[in-house]
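Visitor: Would you mind keeping the following structure in view while I ask a few things?
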Amino acid sequence: MIDGTGMPQSAVLLGGTSEIGLAIAEELASRRLERLLLAGRNQRGLDEARDRLLRAGIGNAVTATCDVTRASDVSALPAVALEALGVVDLLVVAVGDLGTADLTELDTDRVFEMFAANTGGPAAAMIGFAATMVRQGYGRIVVLSSVAGLRVRRANFVYGAGKAGLDGFSLGLAEALEGTGVGVTLVRPGFVRTRMTAGLPEAPLSCEASQVAQAVVRALEQRSGVVYVPSALQPAFGILRLLPRSLFAKVTR
Amino acid sequence: MTGLGSGRARGTARARQAGEEVRLLTGWGRAGWTAATVAVPADGAEAEKAVRRTAETGGTILPRGLGRSYGDAAQNAGGTVVDLTRCDRIVSFDAAGGLLRAEAGLSIGALLRWSIPRGWFVPVTPGTRHVTLGGALAADVHGKNHHRDGSFARFVRSFRIAAPAGTAEITPEGDPDAFWATAGGMGLTGVVIEVTLELIPIETAFMSVDTERAPDIGTCMEMLARGDGRYRYSVAWVDCLHRSRRGTLGRSVLTRANHAGEDDLSQSGVKVADPLAFSPREVVRLPLAPPARLVSRTGAALFNELWYRRAPRRREGEIQPVGTYFHPLDAVGSWNLAYGPPGFTQYQFVVPNGSEDVVGRAVSLLADRRMPSLLAVLKRFGPGDPSPLAFPAPGWTLALDLPLGIEGLSRLLDEIDVMVADAGGRVYLAKDSRLRPGLVERMYPRLDEWRSVRRRMDPGGVLVSDLGRRLGLCGAPQPSAGRAAAAGAGAAAGAGALAGSQR
């Protein structure tokens with residue numbers, strides 16, 4: 001169950017090796033989280049993540065291989081999760097593929113793949129778990145979007161466009177789920193220092209995965225629908241979104 | 001592929017019957033909302049049928065009254081909830097022994113409107129009269145007279161319960177196990193349909209109230225322990241925010257009372273046309289949920305200050321209507337909305353006599369961390385009753401409302417929980433929405449005993465609540481809808497993709 005403070009007892013982490021996702025899992029394990037399913041593509045990485053969480057004191061952690069870009073993997077996952085956890089209180093969607101924005105590297109397959117990883121796969125997983133949670137009569141979905149999707153910029157336009165799609169999908173799903181007992185929390189971090197962003201020039205207002213995790217727990221406590229990490233990004237993007245295109249391109253180059 | 005389906009009705013454990021609908025339910029604390037199929041039987045026979053049907057179709061079910069449990073005790077996500085508030089008839093009354101037979105959905109408020117003019121009062125009432133008899137039995141509620149009279153179930157002579165194992169009339173003599181597993185059993189042994197309750201005679205609808213102030217929590221507890229014998233009803237309101245210049249904490253107002261006789265009325269000079277007239281009114285009502293919390297630290301401190309200043313240093317024999325003394329908050333309708341969207345919790349614990357220091361430490365922690373608590377209620381308990389899940393035990397209970405979503409609150413309450421458990425105390429299940437599940441076995445050491453009686457009454461685990469699931473009261477988690485969903489989606493390719501070890 002999810003308790004009165006918004007804390008779940010069981011969770012699925014889609015993107016089971018994601019640093020942000022695992023930071024969220026650790027934070028939740030220090031509260032009420034007892035059972036966790038790590039789902040992801042890389043079985044060895046999942047095993048390592050699971051062992052780390054078990055050492056950190058989580059009661060029960062299991063893994064499932066799931067390639068989010070494969071429809072059959074995604075559609076099977078809710079049943080696998082129910083089998084492993086009994087109920088799914090929380091789904092954390094923490095998958096993403098920063099890929100490339102270099103025209104010489106982008107081709108048809110690569111764009112298909114990036115949209116599947118950033119938009120199609122996560123959205124499909126959310127729909128599958130939403131159906132499970134509606135049957136349960138409750139549940140919560142935390143989805144990692146990005147400020148990159150609020151206004152797409154040249155430097156990561158395929159990733160940003162994918163996140164923009166996921167962001168809009170999540171807001172719509174949240175509305176569609178009203179009255180079912182199932183809620184959606186949309187997380188919009190800025191530049192988070194992780195493996196995915198290693199070597200990239202750091203953007204202003206960057207933060208650590210642990211800060212995102214703390215913000216997510218706060219959002220669950222507050223039942224917030226949308227959360228920016230750090231929170232200063234909300235007013236910043238309020239302005240950035242209004243800039244004329246040419247000026248926006250210059251500012252964010 | 002699984003679909004969301006059309007609307008939220010689809011996918012509940014069984015086909016809905018006429019008159020049932022899927023609704024979002026929450027507790028009085030408005031903290032967690034879950035969806036369930038709500039059935040509203042018109043009488044006991046219909047309620048019984050709902051239990052039988054659910055047991056046959058493999059679903060789950062839970063009784064619900066007026067929803068005044070603060071947490072998730074009256075919710076059953078994905079299952080069926082039987083709302084008993086239409087089963088509210090008085091069946092019979094035996095004026096010789098004061099024995100009232102009524103349907104379980106009758107509220108204490110409705111009962112008092114009927115009984116007070118006839119010269120009878122409920123033997124135990126919680127701080128609100130908006131609770132049903134069934135709910136009062138399920139939570140085995142206590143009142144300001146616990147130090148003298150014990151809790152509600154002690155005055156229940158028998159009840160009729162529809163359990164999956166069968167419907168039966170239960171008395172404490174005939175089947176003590178089933179009786180005391182149901183008293184305090186939080187609705188998890190069956191749906192109580194009718195209750196026989198012993199009422200107490202009164203001469204007037206008024207109380208003779210003595211009010212005193214105590215400068216700190218220690219003095220307050222001494223005064224309570226010393227003087228409680230003279231009063232049938234006794235309670236203290238404690239300010240958990242204020243620290244005096246000398247550093248003392250927990251200034252309090254003690255209000256202790258007995259039922260006023262006709263002599264008390266005439267001596268005090270109070271003139272009433274009918275000493276047994278009872279017409280409690282709601283003075284105001286919050287019309288809708290405000291978008292943000294109205295309870296702030298400053299507001300709470302100010303309110304507590306006014307409450308303390310308003311109270312006389314000492315006043316004896318004040319005549320108050322019963323509603324004013326017992327149910328002051330009922331004058332404000334929907335007051336729970338003031339806590340805003342994340343909701344609130346009423347944190348209530350008991351510690352045994354000899355562990356008075358835990359009360360002091362809890363008050364001090366709450367004050368130090370500046371938690372915005374309105375008045376806390378402190379009371380001395382007498383002996384608990386034989387229920388394996390009885391909350392009261394000889395000692396001290398403190399209850400306070402706290403808005404959820406405050407930074408640091410969760411960990412602070414976790415900390416106090418451990419102090420309480422270490423002292424051999426417990427938190428009250430009817431109020432809880434956030435206890436760490438690992439502590440429940442320590443706080444309720446007779447849980448296994450209760451489980452085994454429950455298994456006899458409900459062998460298939462048909463009675464399920466969110467509270468029970470969350471704390472593992474009934475044993476391992478039993479997701480009703482979850483099982484069905486797994487079977488439905490199991491045909492999808494790759495369902496066996498689960499890898500790795502399960503520990």
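Chain lettering (A, B, ...) mirrors the order of the structure tokens, residue numbering begins at 1 for each chain separately, and ligand numbering begins at 1 in order of display.
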Show me, as a tab-separated table (two decimals) with N, CA, C and O atoms, in the first residue's frame, the residues that have an atom within 8 Å of Phe115 (chain A) when counting only C-alpha atoms, minus same-chain residues fewer than 3 positions from it.

Guide:
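So part-v9.tsv came out as:
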```tsv
chain	number	residue	atom	x	y	z
A	111	VAL	N	16.93	7.28	-35.08
A	111	VAL	CA	15.83	8.14	-34.64
A	111	VAL	C	14.66	7.30	-34.13
A	111	VAL	O	14.08	7.58	-33.07
A	112	PHE	N	14.34	6.23	-34.86
A	112	PHE	CA	13.31	5.30	-34.38
A	112	PHE	C	13.63	4.82	-32.97
A	112	PHE	O	12.80	4.84	-32.07
A	118	ASN	N	12.83	6.99	-25.49
A	118	ASN	CA	12.49	8.19	-24.73
A	118	ASN	C	10.98	8.44	-24.63
A	118	ASN	O	10.54	9.11	-23.70
A	119	THR	N	10.23	7.95	-25.61
A	119	THR	CA	8.81	8.29	-25.64
A	119	THR	C	7.91	7.06	-25.71
A	119	THR	O	7.13	6.78	-24.79
A	120	GLY	N	8.03	6.32	-26.82
A	120	GLY	CA	7.09	5.22	-27.07
A	120	GLY	C	7.12	4.15	-26.01
A	120	GLY	O	6.07	3.76	-25.47
A	158	VAL	N	16.83	15.56	-30.60
A	158	VAL	CA	16.07	14.31	-30.73
A	158	VAL	C	15.63	13.84	-29.34
A	158	VAL	O	14.47	13.51	-29.12
A	159	TYR	N	16.57	13.87	-28.40
A	159	TYR	CA	16.25	13.53	-27.01
A	159	TYR	C	15.18	14.48	-26.47
A	159	TYR	O	14.17	14.05	-25.88
A	162	GLY	N	11.82	13.87	-27.85
A	162	GLY	CA	11.27	12.66	-27.25
A	162	GLY	C	10.72	12.93	-25.86
A	162	GLY	O	9.62	12.49	-25.51
```

Visitor: Show me, as an mmCIF file with N, CA and C atoms, in the first residue's frame, the residues of chain A whose atoms get within 7 Å of chain B, using only C-alpha atoms for the distance check.

Guide:
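Below is the file part32.cif, written as the result:
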```
data_model
loop_
_atom_site.group_PDB
_atom_site.id
_atom_site.type_symbol
_atom_site.label_atom_id
_atom_site.label_comp_id
_atom_site.auth_asym_id
_atom_site.auth_seq_id
_atom_site.Cartn_x
_atom_site.Cartn_y
_atom_site.Cartn_z
ATOM 1 N N MET A 1 0.836 -1.202 0.000
ATOM 2 C CA MET A 1 0.000 0.000 0.000
ATOM 3 C C MET A 1 0.874 1.257 0.000
ATOM 4 N N ASP A 3 1.195 4.678 1.975
ATOM 5 C CA ASP A 3 0.697 5.116 3.271
ATOM 6 C C ASP A 3 0.241 6.577 3.225
ATOM 7 N N GLY A 4 -0.208 7.063 4.363
ATOM 8 C CA GLY A 4 -0.773 8.403 4.412
ATOM 9 C C GLY A 4 0.227 9.504 4.106
ATOM 10 N N THR A 5 1.509 9.174 4.159
ATOM 11 C CA THR A 5 2.510 10.178 3.816
ATOM 12 C C THR A 5 2.966 10.028 2.364
ATOM 13 N N ARG A 32 9.489 3.563 3.467
ATOM 14 C CA ARG A 32 8.610 2.410 3.652
ATOM 15 C C ARG A 32 8.784 1.335 2.580
ATOM 16 N N ASN A 60 13.602 -6.729 -0.089
ATOM 17 C CA ASN A 60 13.404 -7.674 -1.172
ATOM 18 C C ASN A 60 13.581 -6.941 -2.492
ATOM 19 N N ALA A 61 14.569 -7.351 -3.289
ATOM 20 C CA ALA A 61 14.755 -6.735 -4.606
ATOM 21 C C ALA A 61 14.951 -7.831 -5.633
ATOM 22 N N VAL A 62 14.245 -7.749 -6.739
ATOM 23 C CA VAL A 62 14.389 -8.725 -7.814
ATOM 24 C C VAL A 62 14.604 -7.971 -9.111
ATOM 25 N N THR A 63 15.014 -8.703 -10.143
ATOM 26 C CA THR A 63 15.277 -8.053 -11.419
ATOM 27 C C THR A 63 14.484 -8.726 -12.531
ATOM 28 N N ALA A 64 14.246 -7.999 -13.594
ATOM 29 C CA ALA A 64 13.613 -8.555 -14.789
ATOM 30 C C ALA A 64 14.226 -7.883 -16.000
ATOM 31 N N THR A 65 14.592 -8.688 -16.988
ATOM 32 C CA THR A 65 15.125 -8.065 -18.197
ATOM 33 C C THR A 65 13.968 -7.527 -19.028
ATOM 34 N N SER A 72 6.832 -6.208 -26.911
ATOM 35 C CA SER A 72 6.450 -7.437 -26.199
ATOM 36 C C SER A 72 7.021 -7.441 -24.778
ATOM 37 N N ASP A 73 8.237 -6.924 -24.617
ATOM 38 C CA ASP A 73 8.829 -6.828 -23.277
ATOM 39 C C ASP A 73 7.997 -5.904 -22.395
ATOM 40 N N SER A 75 4.829 -4.952 -22.718
ATOM 41 C CA SER A 75 3.471 -5.388 -22.398
ATOM 42 C C SER A 75 3.473 -6.526 -21.375
ATOM 43 N N ALA A 76 4.578 -7.278 -21.309
ATOM 44 C CA ALA A 76 4.633 -8.383 -20.349
ATOM 45 C C ALA A 76 4.988 -7.915 -18.943
ATOM 46 N N ALA A 79 2.529 -7.900 -15.610
ATOM 47 C CA ALA A 79 2.244 -9.233 -15.059
ATOM 48 C C ALA A 79 3.456 -9.767 -14.303
ATOM 49 N N VAL A 80 4.626 -9.540 -14.863
ATOM 50 C CA VAL A 80 5.856 -9.970 -14.188
ATOM 51 C C VAL A 80 5.980 -9.269 -12.837
ATOM 52 N N LEU A 82 3.541 -7.977 -10.965
ATOM 53 C CA LEU A 82 2.537 -8.466 -10.012
ATOM 54 C C LEU A 82 2.963 -9.799 -9.416
ATOM 55 N N GLU A 83 3.533 -10.635 -10.276
ATOM 56 C CA GLU A 83 4.022 -11.934 -9.827
ATOM 57 C C GLU A 83 5.098 -11.751 -8.755
ATOM 58 N N GLY A 86 3.334 -8.821 -5.842
ATOM 59 C CA GLY A 86 1.988 -8.934 -5.285
ATOM 60 C C GLY A 86 1.105 -7.777 -5.700
ATOM 61 N N VAL A 87 1.541 -6.564 -5.408
ATOM 62 C CA VAL A 87 0.878 -5.346 -5.879
ATOM 63 C C VAL A 87 1.961 -4.367 -6.329
ATOM 64 N N GLY A 128 0.316 0.341 -19.550
ATOM 65 C CA GLY A 128 0.164 -1.013 -19.024
ATOM 66 C C GLY A 128 0.028 -1.023 -17.511
ATOM 67 N N ALA A 131 -3.270 0.496 -16.173
ATOM 68 C CA ALA A 131 -4.398 -0.446 -16.176
ATOM 69 C C ALA A 131 -4.344 -1.348 -14.946
ATOM 70 N N THR A 132 -3.148 -1.830 -14.631
ATOM 71 C CA THR A 132 -2.981 -2.662 -13.435
ATOM 72 C C THR A 132 -3.378 -1.900 -12.185
ATOM 73 N N VAL A 134 -5.323 0.778 -11.908
ATOM 74 C CA VAL A 134 -6.755 1.082 -11.847
ATOM 75 C C VAL A 134 -7.494 -0.126 -11.271
ATOM 76 N N ARG A 135 -7.088 -1.327 -11.684
ATOM 77 C CA ARG A 135 -7.714 -2.527 -11.118
ATOM 78 C C ARG A 135 -7.431 -2.636 -9.624
ATOM 79 N N GLN A 136 -6.231 -2.259 -9.221
ATOM 80 C CA GLN A 136 -5.890 -2.297 -7.791
ATOM 81 C C GLN A 136 -6.695 -1.283 -6.996
ATOM 82 N N GLY A 137 -7.120 -0.223 -7.692
ATOM 83 C CA GLY A 137 -7.847 0.850 -7.003
ATOM 84 C C GLY A 137 -6.924 1.949 -6.496
ATOM 85 N N TYR A 138 -5.650 1.832 -6.760
ATOM 86 C CA TYR A 138 -4.700 2.863 -6.334
ATOM 87 C C TYR A 138 -3.365 2.613 -7.016
ATOM 88 N N GLY A 179 -9.866 10.349 -10.536
ATOM 89 C CA GLY A 179 -11.014 9.597 -10.039
ATOM 90 C C GLY A 179 -10.776 8.103 -9.925
ATOM 91 N N THR A 180 -9.596 7.641 -10.323
ATOM 92 C CA THR A 180 -9.331 6.204 -10.263
ATOM 93 C C THR A 180 -8.502 5.808 -9.044
ATOM 94 N N GLY A 181 -7.937 6.797 -8.348
ATOM 95 C CA GLY A 181 -7.033 6.478 -7.246
ATOM 96 C C GLY A 181 -5.582 6.340 -7.712
ATOM 97 N N GLU A 221 5.170 13.082 -0.970
ATOM 98 C CA GLU A 221 4.561 13.515 0.292
ATOM 99 C C GLU A 221 3.496 14.570 0.056
ATOM 100 N N GLN A 222 3.793 15.458 -0.891
ATOM 101 C CA GLN A 222 2.874 16.572 -1.163
ATOM 102 C C GLN A 222 1.811 16.214 -2.190
ATOM 103 N N ARG A 223 1.895 15.005 -2.776
ATOM 104 C CA ARG A 223 1.020 14.604 -3.894
ATOM 105 C C ARG A 223 1.147 15.597 -5.049
#
```

Visitor: Can you list, as a list in words, all residues belonging to region 15-98 of chain A that DSSP tags as strand (DSSP E or B)?

Guide: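 Matching residues, listed in order: Arg35, Leu36, Leu37, Leu38, Ala39, Gly40, Asn60, Ala61, Val62, Thr63, Ala64, Thr65, Leu90, Leu91, Val92 and Val93 of chain A.
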
Visitor: May I have the selected residues written with N, CA, C and O atoms, as a short mmCIF file (atom, residue, chain, number, x, y, z; two decimals), in the first residue's frame?

Guide:
```
data_model
loop_
_atom_site.label_atom_id
_atom_site.label_comp_id
_atom_site.auth_asym_id
_atom_site.auth_seq_id
_atom_site.Cartn_x
_atom_site.Cartn_y
_atom_site.Cartn_z
N ARG A 35 9.69 -3.90 -1.17
CA ARG A 35 9.85 -4.80 -2.30
C ARG A 35 10.03 -3.99 -3.58
O ARG A 35 9.25 -3.07 -3.85
N LEU A 36 11.07 -4.37 -4.35
CA LEU A 36 11.39 -3.59 -5.54
C LEU A 36 11.72 -4.52 -6.70
O LEU A 36 12.41 -5.52 -6.53
N LEU A 37 11.19 -4.19 -7.86
CA LEU A 37 11.56 -4.88 -9.09
C LEU A 37 12.36 -3.92 -9.95
O LEU A 37 11.89 -2.83 -10.29
N LEU A 38 13.58 -4.34 -10.29
CA LEU A 38 14.41 -3.55 -11.20
C LEU A 38 14.26 -4.12 -12.59
O LEU A 38 14.57 -5.29 -12.82
N ALA A 39 13.78 -3.31 -13.52
CA ALA A 39 13.61 -3.79 -14.89
C ALA A 39 14.50 -2.98 -15.81
O ALA A 39 14.54 -1.75 -15.73
N GLY A 40 15.23 -3.68 -16.67
CA GLY A 40 16.13 -2.97 -17.57
C GLY A 40 16.73 -3.92 -18.59
O GLY A 40 16.42 -5.12 -18.60
N ASN A 60 13.60 -6.73 -0.09
CA ASN A 60 13.40 -7.67 -1.17
C ASN A 60 13.58 -6.94 -2.49
O ASN A 60 12.85 -6.00 -2.78
N ALA A 61 14.57 -7.35 -3.29
CA ALA A 61 14.75 -6.73 -4.61
C ALA A 61 14.95 -7.83 -5.63
O ALA A 61 15.71 -8.77 -5.41
N VAL A 62 14.24 -7.75 -6.74
CA VAL A 62 14.39 -8.72 -7.81
C VAL A 62 14.60 -7.97 -9.11
O VAL A 62 14.39 -6.76 -9.19
N THR A 63 15.01 -8.70 -10.14
CA THR A 63 15.28 -8.05 -11.42
C THR A 63 14.48 -8.73 -12.53
O THR A 63 14.09 -9.89 -12.41
N ALA A 64 14.25 -8.00 -13.59
CA ALA A 64 13.61 -8.55 -14.79
C ALA A 64 14.23 -7.88 -16.00
O ALA A 64 14.37 -6.66 -16.02
N THR A 65 14.59 -8.69 -16.99
CA THR A 65 15.12 -8.07 -18.20
C THR A 65 13.97 -7.53 -19.03
O THR A 65 12.97 -8.21 -19.24
N LEU A 90 3.98 1.66 -6.84
CA LEU A 90 4.64 2.76 -7.53
C LEU A 90 5.39 2.24 -8.75
O LEU A 90 6.06 1.21 -8.69
N LEU A 91 5.28 2.97 -9.85
CA LEU A 91 6.14 2.73 -11.02
C LEU A 91 7.01 3.96 -11.18
O LEU A 91 6.49 5.08 -11.24
N VAL A 92 8.32 3.76 -11.24
CA VAL A 92 9.23 4.85 -11.55
C VAL A 92 9.74 4.63 -12.97
O VAL A 92 10.33 3.59 -13.26
N VAL A 93 9.48 5.57 -13.84
CA VAL A 93 9.95 5.47 -15.23
C VAL A 93 11.20 6.33 -15.35
O VAL A 93 11.12 7.56 -15.33
#
```

Visitor: Check the DSSP output for the backbone and give back, as a ChimeraX atom specification, the residues of region 70-205 of chain A in alpha helix (DSSP H).

Guide: /A:71-85,108-115,121-136,157-176

Visitor: Keeping only C-alpha atoms, write the selected residues to a file as a JSON list (two decimals), in the first residue's frame.

Guide:
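Below is the file part_39.json, written as the result:
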```json
[["chain", "number", "residue", "atom", "x", "y", "z"],
["A", 71, "ALA", "CA", 6.67, -3.80, -27.33],
["A", 72, "SER", "CA", 6.45, -7.44, -26.20],
["A", 73, "ASP", "CA", 8.83, -6.83, -23.28],
["A", 74, "VAL", "CA", 6.90, -3.76, -22.19],
["A", 75, "SER", "CA", 3.47, -5.39, -22.40],
["A", 76, "ALA", "CA", 4.63, -8.38, -20.35],
["A", 77, "LEU", "CA", 6.14, -6.31, -17.56],
["A", 78, "PRO", "CA", 3.04, -5.52, -15.44],
["A", 79, "ALA", "CA", 2.24, -9.23, -15.06],
["A", 80, "VAL", "CA", 5.86, -9.97, -14.19],
["A", 81, "ALA", "CA", 5.77, -7.20, -11.60],
["A", 82, "LEU", "CA", 2.54, -8.47, -10.01],
["A", 83, "GLU", "CA", 4.02, -11.93, -9.83],
["A", 84, "ALA", "CA", 7.12, -10.61, -8.10],
["A", 85, "LEU", "CA", 5.61, -7.94, -5.87],
["A", 108, "THR", "CA", 16.34, 6.37, -39.70],
["A", 109, "ASP", "CA", 17.06, 3.49, -37.33],
["A", 110, "ARG", "CA", 18.74, 5.67, -34.74],
["A", 111, "VAL", "CA", 15.83, 8.14, -34.64],
["A", 112, "PHE", "CA", 13.31, 5.30, -34.38],
["A", 113, "GLU", "CA", 15.30, 3.80, -31.56],
["A", 114, "MET", "CA", 15.70, 7.05, -29.65],
["A", 115, "PHE", "CA", 12.00, 7.85, -29.82],
["A", 121, "GLY", "CA", 8.45, 2.60, -24.67],
["A", 122, "PRO", "CA", 7.95, 4.62, -21.47],
["A", 123, "ALA", "CA", 4.47, 5.73, -22.55],
["A", 124, "ALA", "CA", 3.46, 2.16, -23.36],
["A", 125, "ALA", "CA", 4.77, 0.97, -20.00],
["A", 126, "MET", "CA", 2.81, 3.69, -18.22],
["A", 127, "ILE", "CA", -0.41, 2.64, -19.95],
["A", 128, "GLY", "CA", 0.16, -1.01, -19.02],
["A", 129, "PHE", "CA", 0.85, -0.24, -15.38],
["A", 130, "ALA", "CA", -1.95, 2.33, -15.24],
["A", 131, "ALA", "CA", -4.40, -0.45, -16.18],
["A", 132, "THR", "CA", -2.98, -2.66, -13.44],
["A", 133, "MET", "CA", -3.19, 0.14, -10.89],
["A", 134, "VAL", "CA", -6.76, 1.08, -11.85],
["A", 135, "ARG", "CA", -7.71, -2.53, -11.12],
["A", 136, "GLN", "CA", -5.89, -2.30, -7.79],
["A", 157, "PHE", "CA", 16.94, 17.98, -30.18],
["A", 158, "VAL", "CA", 16.07, 14.31, -30.73],
["A", 159, "TYR", "CA", 16.25, 13.53, -27.01],
["A", 160, "GLY", "CA", 14.46, 16.78, -26.16],
["A", 161, "ALA", "CA", 11.70, 16.14, -28.68],
["A", 162, "GLY", "CA", 11.27, 12.66, -27.25],
["A", 163, "LYS", "CA", 11.01, 14.00, -23.69],
["A", 164, "ALA", "CA", 8.56, 16.66, -24.90],
["A", 165, "GLY", "CA", 6.32, 13.86, -26.15],
["A", 166, "LEU", "CA", 6.62, 11.92, -22.92],
["A", 167, "ASP", "CA", 5.97, 15.06, -20.87],
["A", 168, "GLY", "CA", 2.76, 15.83, -22.72],
["A", 169, "PHE", "CA", 1.67, 12.21, -22.60],
["A", 170, "SER", "CA", 2.16, 12.12, -18.83],
["A", 171, "LEU", "CA", 0.13, 15.26, -18.24],
["A", 172, "GLY", "CA", -2.69, 13.88, -20.35],
["A", 173, "LEU", "CA", -2.55, 10.50, -18.63],
["A", 174, "ALA", "CA", -2.68, 12.18, -15.23],
["A", 175, "GLU", "CA", -5.92, 13.89, -16.23],
["A", 176, "ALA", "CA", -7.35, 10.69, -17.70]]
```
